[in-house]
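Colleague: input_25.txt is reproduced in full below (compact mmCIF, N, CA and C atoms).
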# COMPACT_ATOMS: atom_id res chain seq x y z
N MET A 930 5.79 -11.59 2.26
CA MET A 930 5.48 -11.02 0.98
C MET A 930 6.46 -9.91 0.61
N ILE A 931 6.75 -9.05 1.55
CA ILE A 931 7.67 -7.94 1.26
C ILE A 931 9.06 -8.49 0.98
N ARG A 932 9.50 -9.42 1.79
CA ARG A 932 10.82 -10.04 1.57
C ARG A 932 10.88 -10.68 0.18
N PHE A 933 9.82 -11.37 -0.21
CA PHE A 933 9.76 -12.01 -1.53
C PHE A 933 9.81 -10.95 -2.64
N GLY A 934 9.06 -9.89 -2.48
CA GLY A 934 9.03 -8.83 -3.50
C GLY A 934 10.38 -8.17 -3.69
N PHE A 935 10.99 -7.75 -2.60
CA PHE A 935 12.28 -7.07 -2.70
C PHE A 935 13.43 -8.04 -2.98
N GLY A 936 13.36 -9.22 -2.39
CA GLY A 936 14.44 -10.19 -2.54
C GLY A 936 14.35 -11.00 -3.82
N GLU A 937 13.37 -11.88 -3.88
CA GLU A 937 13.24 -12.81 -5.01
C GLU A 937 12.88 -12.11 -6.32
N LEU A 938 11.96 -11.16 -6.26
CA LEU A 938 11.52 -10.50 -7.49
C LEU A 938 12.37 -9.29 -7.86
N GLY A 939 13.17 -8.80 -6.93
CA GLY A 939 14.03 -7.66 -7.20
C GLY A 939 13.29 -6.35 -7.39
N LEU A 940 12.12 -6.22 -6.75
CA LEU A 940 11.35 -4.99 -6.88
C LEU A 940 12.05 -3.82 -6.20
N HIS A 941 11.82 -2.64 -6.72
CA HIS A 941 12.34 -1.41 -6.12
C HIS A 941 11.28 -0.76 -5.23
N ARG A 942 10.00 -0.99 -5.57
CA ARG A 942 8.89 -0.32 -4.90
C ARG A 942 7.71 -1.27 -4.80
N ILE A 943 7.06 -1.25 -3.64
CA ILE A 943 5.82 -1.99 -3.43
C ILE A 943 4.76 -0.97 -3.02
N SER A 944 3.60 -1.06 -3.64
CA SER A 944 2.54 -0.11 -3.30
C SER A 944 1.26 -0.84 -2.92
N ALA A 945 0.42 -0.13 -2.18
CA ALA A 945 -0.87 -0.67 -1.75
C ALA A 945 -1.91 0.42 -1.88
N ALA A 946 -3.02 0.10 -2.52
CA ALA A 946 -4.16 1.01 -2.62
C ALA A 946 -5.27 0.44 -1.74
N ILE A 947 -5.65 1.19 -0.72
CA ILE A 947 -6.55 0.68 0.32
C ILE A 947 -7.74 1.62 0.46
N GLY A 948 -8.92 1.05 0.62
CA GLY A 948 -10.11 1.86 0.87
C GLY A 948 -9.94 2.64 2.16
N PRO A 949 -10.29 3.93 2.16
CA PRO A 949 -10.08 4.76 3.36
C PRO A 949 -10.83 4.28 4.59
N GLU A 950 -11.86 3.48 4.41
CA GLU A 950 -12.62 2.96 5.54
C GLU A 950 -12.01 1.68 6.11
N ASN A 951 -10.98 1.15 5.46
CA ASN A 951 -10.35 -0.10 5.88
C ASN A 951 -9.22 0.19 6.87
N HIS A 952 -9.61 0.56 8.08
CA HIS A 952 -8.64 1.00 9.09
C HIS A 952 -7.65 -0.10 9.48
N ALA A 953 -8.09 -1.34 9.49
CA ALA A 953 -7.19 -2.44 9.87
C ALA A 953 -6.04 -2.57 8.87
N SER A 954 -6.34 -2.53 7.58
CA SER A 954 -5.29 -2.65 6.57
C SER A 954 -4.37 -1.44 6.58
N ILE A 955 -4.92 -0.28 6.83
CA ILE A 955 -4.10 0.93 6.92
C ILE A 955 -3.12 0.81 8.09
N ARG A 956 -3.59 0.31 9.23
CA ARG A 956 -2.69 0.11 10.38
C ARG A 956 -1.57 -0.87 10.04
N VAL A 957 -1.90 -1.93 9.31
CA VAL A 957 -0.89 -2.93 8.96
C VAL A 957 0.21 -2.32 8.10
N VAL A 958 -0.16 -1.63 7.02
CA VAL A 958 0.89 -1.09 6.14
C VAL A 958 1.69 0.01 6.84
N GLU A 959 1.05 0.81 7.68
CA GLU A 959 1.79 1.83 8.42
C GLU A 959 2.77 1.18 9.39
N LYS A 960 2.35 0.11 10.04
CA LYS A 960 3.23 -0.61 10.96
C LYS A 960 4.42 -1.22 10.23
N LEU A 961 4.22 -1.62 8.97
CA LEU A 961 5.29 -2.19 8.15
C LEU A 961 6.23 -1.13 7.58
N GLY A 962 5.90 0.15 7.77
CA GLY A 962 6.79 1.22 7.32
C GLY A 962 6.41 1.87 6.01
N PHE A 963 5.25 1.54 5.47
CA PHE A 963 4.80 2.17 4.23
C PHE A 963 4.52 3.65 4.47
N THR A 964 4.71 4.46 3.43
CA THR A 964 4.45 5.89 3.49
C THR A 964 3.15 6.20 2.75
N ARG A 965 2.31 7.00 3.36
CA ARG A 965 1.07 7.44 2.70
C ARG A 965 1.43 8.47 1.64
N GLU A 966 1.03 8.21 0.41
CA GLU A 966 1.35 9.11 -0.69
C GLU A 966 0.20 10.02 -1.06
N GLY A 967 -1.02 9.58 -0.85
CA GLY A 967 -2.16 10.43 -1.20
C GLY A 967 -3.41 9.62 -1.48
N ILE A 968 -4.39 10.30 -2.08
CA ILE A 968 -5.69 9.72 -2.38
C ILE A 968 -5.80 9.51 -3.89
N LEU A 969 -6.22 8.32 -4.28
CA LEU A 969 -6.56 8.05 -5.68
C LEU A 969 -8.07 8.22 -5.80
N ARG A 970 -8.48 9.33 -6.39
CA ARG A 970 -9.91 9.65 -6.45
C ARG A 970 -10.62 8.78 -7.47
N ASP A 971 -11.81 8.31 -7.10
CA ASP A 971 -12.62 7.44 -7.96
C ASP A 971 -11.79 6.33 -8.57
N HIS A 972 -11.05 5.65 -7.74
CA HIS A 972 -10.09 4.63 -8.18
C HIS A 972 -10.73 3.28 -8.46
N VAL A 973 -11.76 2.91 -7.70
CA VAL A 973 -12.36 1.58 -7.81
C VAL A 973 -13.88 1.72 -7.95
N PHE A 974 -14.44 0.97 -8.88
CA PHE A 974 -15.90 0.94 -9.04
C PHE A 974 -16.42 -0.33 -8.38
N THR A 975 -17.14 -0.15 -7.28
CA THR A 975 -17.68 -1.30 -6.54
C THR A 975 -19.02 -0.93 -5.93
N ASN A 976 -19.90 -1.90 -5.85
CA ASN A 976 -21.25 -1.67 -5.31
C ASN A 976 -21.95 -0.51 -6.01
N SER A 977 -21.79 -0.45 -7.33
CA SER A 977 -22.45 0.54 -8.19
C SER A 977 -22.01 1.97 -7.95
N GLU A 978 -20.82 2.16 -7.40
CA GLU A 978 -20.31 3.53 -7.24
C GLU A 978 -18.79 3.56 -7.26
N TRP A 979 -18.27 4.72 -7.62
CA TRP A 979 -16.82 4.93 -7.62
C TRP A 979 -16.37 5.23 -6.20
N ARG A 980 -15.23 4.67 -5.84
CA ARG A 980 -14.69 4.87 -4.49
C ARG A 980 -13.22 5.27 -4.56
N ASN A 981 -12.82 6.06 -3.59
CA ASN A 981 -11.43 6.48 -3.47
C ASN A 981 -10.59 5.36 -2.86
N SER A 982 -9.29 5.46 -3.07
CA SER A 982 -8.33 4.59 -2.40
C SER A 982 -7.23 5.46 -1.81
N VAL A 983 -6.65 5.00 -0.72
CA VAL A 983 -5.48 5.66 -0.14
C VAL A 983 -4.25 4.90 -0.65
N LEU A 984 -3.30 5.63 -1.21
CA LEU A 984 -2.11 5.01 -1.80
C LEU A 984 -0.96 5.05 -0.80
N TYR A 985 -0.37 3.88 -0.57
CA TYR A 985 0.81 3.74 0.29
C TYR A 985 1.91 3.09 -0.53
N SER A 986 3.17 3.40 -0.18
CA SER A 986 4.28 2.74 -0.86
C SER A 986 5.43 2.50 0.11
N LEU A 987 6.27 1.54 -0.28
CA LEU A 987 7.49 1.23 0.47
C LEU A 987 8.59 1.00 -0.55
N LEU A 988 9.69 1.73 -0.41
CA LEU A 988 10.85 1.56 -1.29
C LEU A 988 11.82 0.60 -0.64
N LYS A 989 12.57 -0.10 -1.46
CA LYS A 989 13.47 -1.13 -0.95
C LYS A 989 14.44 -0.58 0.09
N HIS A 990 15.00 0.60 -0.15
CA HIS A 990 15.98 1.14 0.81
C HIS A 990 15.33 1.61 2.12
N GLU A 991 14.00 1.73 2.13
CA GLU A 991 13.29 2.12 3.35
C GLU A 991 12.92 0.92 4.22
N TRP A 992 12.97 -0.26 3.64
CA TRP A 992 12.49 -1.46 4.31
C TRP A 992 13.51 -1.97 5.31
N ASN A 993 13.03 -2.21 6.53
CA ASN A 993 13.85 -2.80 7.58
C ASN A 993 13.39 -4.24 7.77
N GLU A 994 14.20 -5.17 7.31
CA GLU A 994 13.83 -6.58 7.32
C GLU A 994 13.52 -7.13 8.71
N GLY A 995 14.08 -6.51 9.73
CA GLY A 995 13.96 -7.04 11.07
C GLY A 995 12.60 -6.99 11.63
Output the file's structure in the form of structure tokens.

Modeller:
Amino acid sequence: MIRFGFGELGLHRISAAIGPENHASIRVVEKLGFTREGILRDHVFTNSEWRNSVLYSLLKHEWNEG
């Protein structure tokens, strides 16, 4: 997916907004080299309540294809 985004689509930045309780997804993006940027407060309305998201991003020049 990252290769497709940076290569085929020519993206400069890929971001991910992840629920703070989703530890598995957080581990995946951190392992891929994404940087934690901060908290998006009341970002998603689900199960009748507003929930925060943790924002991660990866810039093309930061990505190591290997």

Colleague: Given the choices A:Ala953, A:Ile931, A:Ile947, A:Leu961, which gets closest to Val983 of chain A if the distance is worked out from all atoms listed in the file?

Modeller: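 Residue with the minimum atom-to-atom distance to Val983 of chain A: A:Ile947.
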
Colleague: Go through chain A and collect every residue that DSSP, computed from the backbone, puts in strand (DSSP E or B); the answer should be as a ChimeraX atom specification.

Modeller: /A:942-947,964-975,978-988

Colleague: Quick one, how far is atom C of His952 of chain A from atom C of Val973 of chain A?

Modeller: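 Taking atom C of His952 of chain A and atom C of Val973 of chain A, their separation equals 18.6 Å.
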
Colleague: Could you pull out the residues in chain A that DSSP calls helix (DSSP H, G or I) from the backbone, as a list of chain:residue names?

Modeller: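 Secondary structure check on chain A, helix (DSSP H, G or I): A:Ile931, A:Arg932, A:Phe933, A:Gly934, A:Phe935, A:Gly936, A:Glu937, A:His952, A:Ala953, A:Ser954, A:Ile955, A:Arg956, A:Val957, A:Val958, A:Glu959, A:Lys960, A:Lys989, A:His990, A:Glu991.
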
Colleague: Which residues are close to Arg980 of chain A, i.e. within 8 Å by only N, CA and C atoms, leaving aside same-chain residues fewer than 3 positions away? Reply as a PyMOL selection string.

Modeller: chain A and resi 948-949+969-975+977+983

Colleague: Report, in Å with one decimal, the straight-line distance from atom CA of Asn981 of chain A to atom CA of Asn993 of chain A.

Modeller: 29.1 Å

Colleague: For a quick check of understanding, using only C-alpha atoms, which of A:Lys960, A:Arg932, A:Glu994, A:Arg965 has the smallest distance to Ala945 of chain A?

Modeller: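 The closest residue to Ala945 of chain A is A:Arg965.
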
Colleague: What does the distance between atom C of Asn951 of chain A and atom C of Lys989 of chain A come to in Å, to one decimal place?

Modeller: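 Taking atom C of Asn951 of chain A as the start and atom C of Lys989 of chain A as the end point, the length is 24.6 Å.
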
Colleague: Please identify all polymer residues within 5 Å of Phe963 of chain A, counting all atoms listed in the file, omitting same-chain residues fewer than 5 positions from it, and present them as a list of chain:residue names.

Modeller: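 Final neighbour list, sorted by chain and number: A:Val958, A:Ser986, A:Leu987.
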
Colleague: Which is closest to Gly934 of chain A among A:Ile968, A:Arg956, A:Asn976, A:Trp992, if we use only C-alpha atoms?

Modeller: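 Comparing A:Ile968, A:Arg956, A:Asn976, A:Trp992 against Gly934 of chain A, the winner is A:Trp992.
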
Colleague: Could you work out an axis-aligned bounding box for all listed atoms of segment 939-949 of chain A, with 8 Å added on each of the six sides, and give its centre and edge lengths in Å to one decimal, as lines of an AutoDock Vina configuration file?

Modeller:
center_x = 1.6
center_y = -2.0
center_z = -1.4
size_x = 40.9
size_y = 29.6
size_z = 28.0

Colleague: Considering all atoms listed in the file, state which residue in the set A:Glu991, A:Leu984, A:Met930, A:Trp979 is at the smallest distance from Glu966 of chain A.

Modeller: A:Leu984
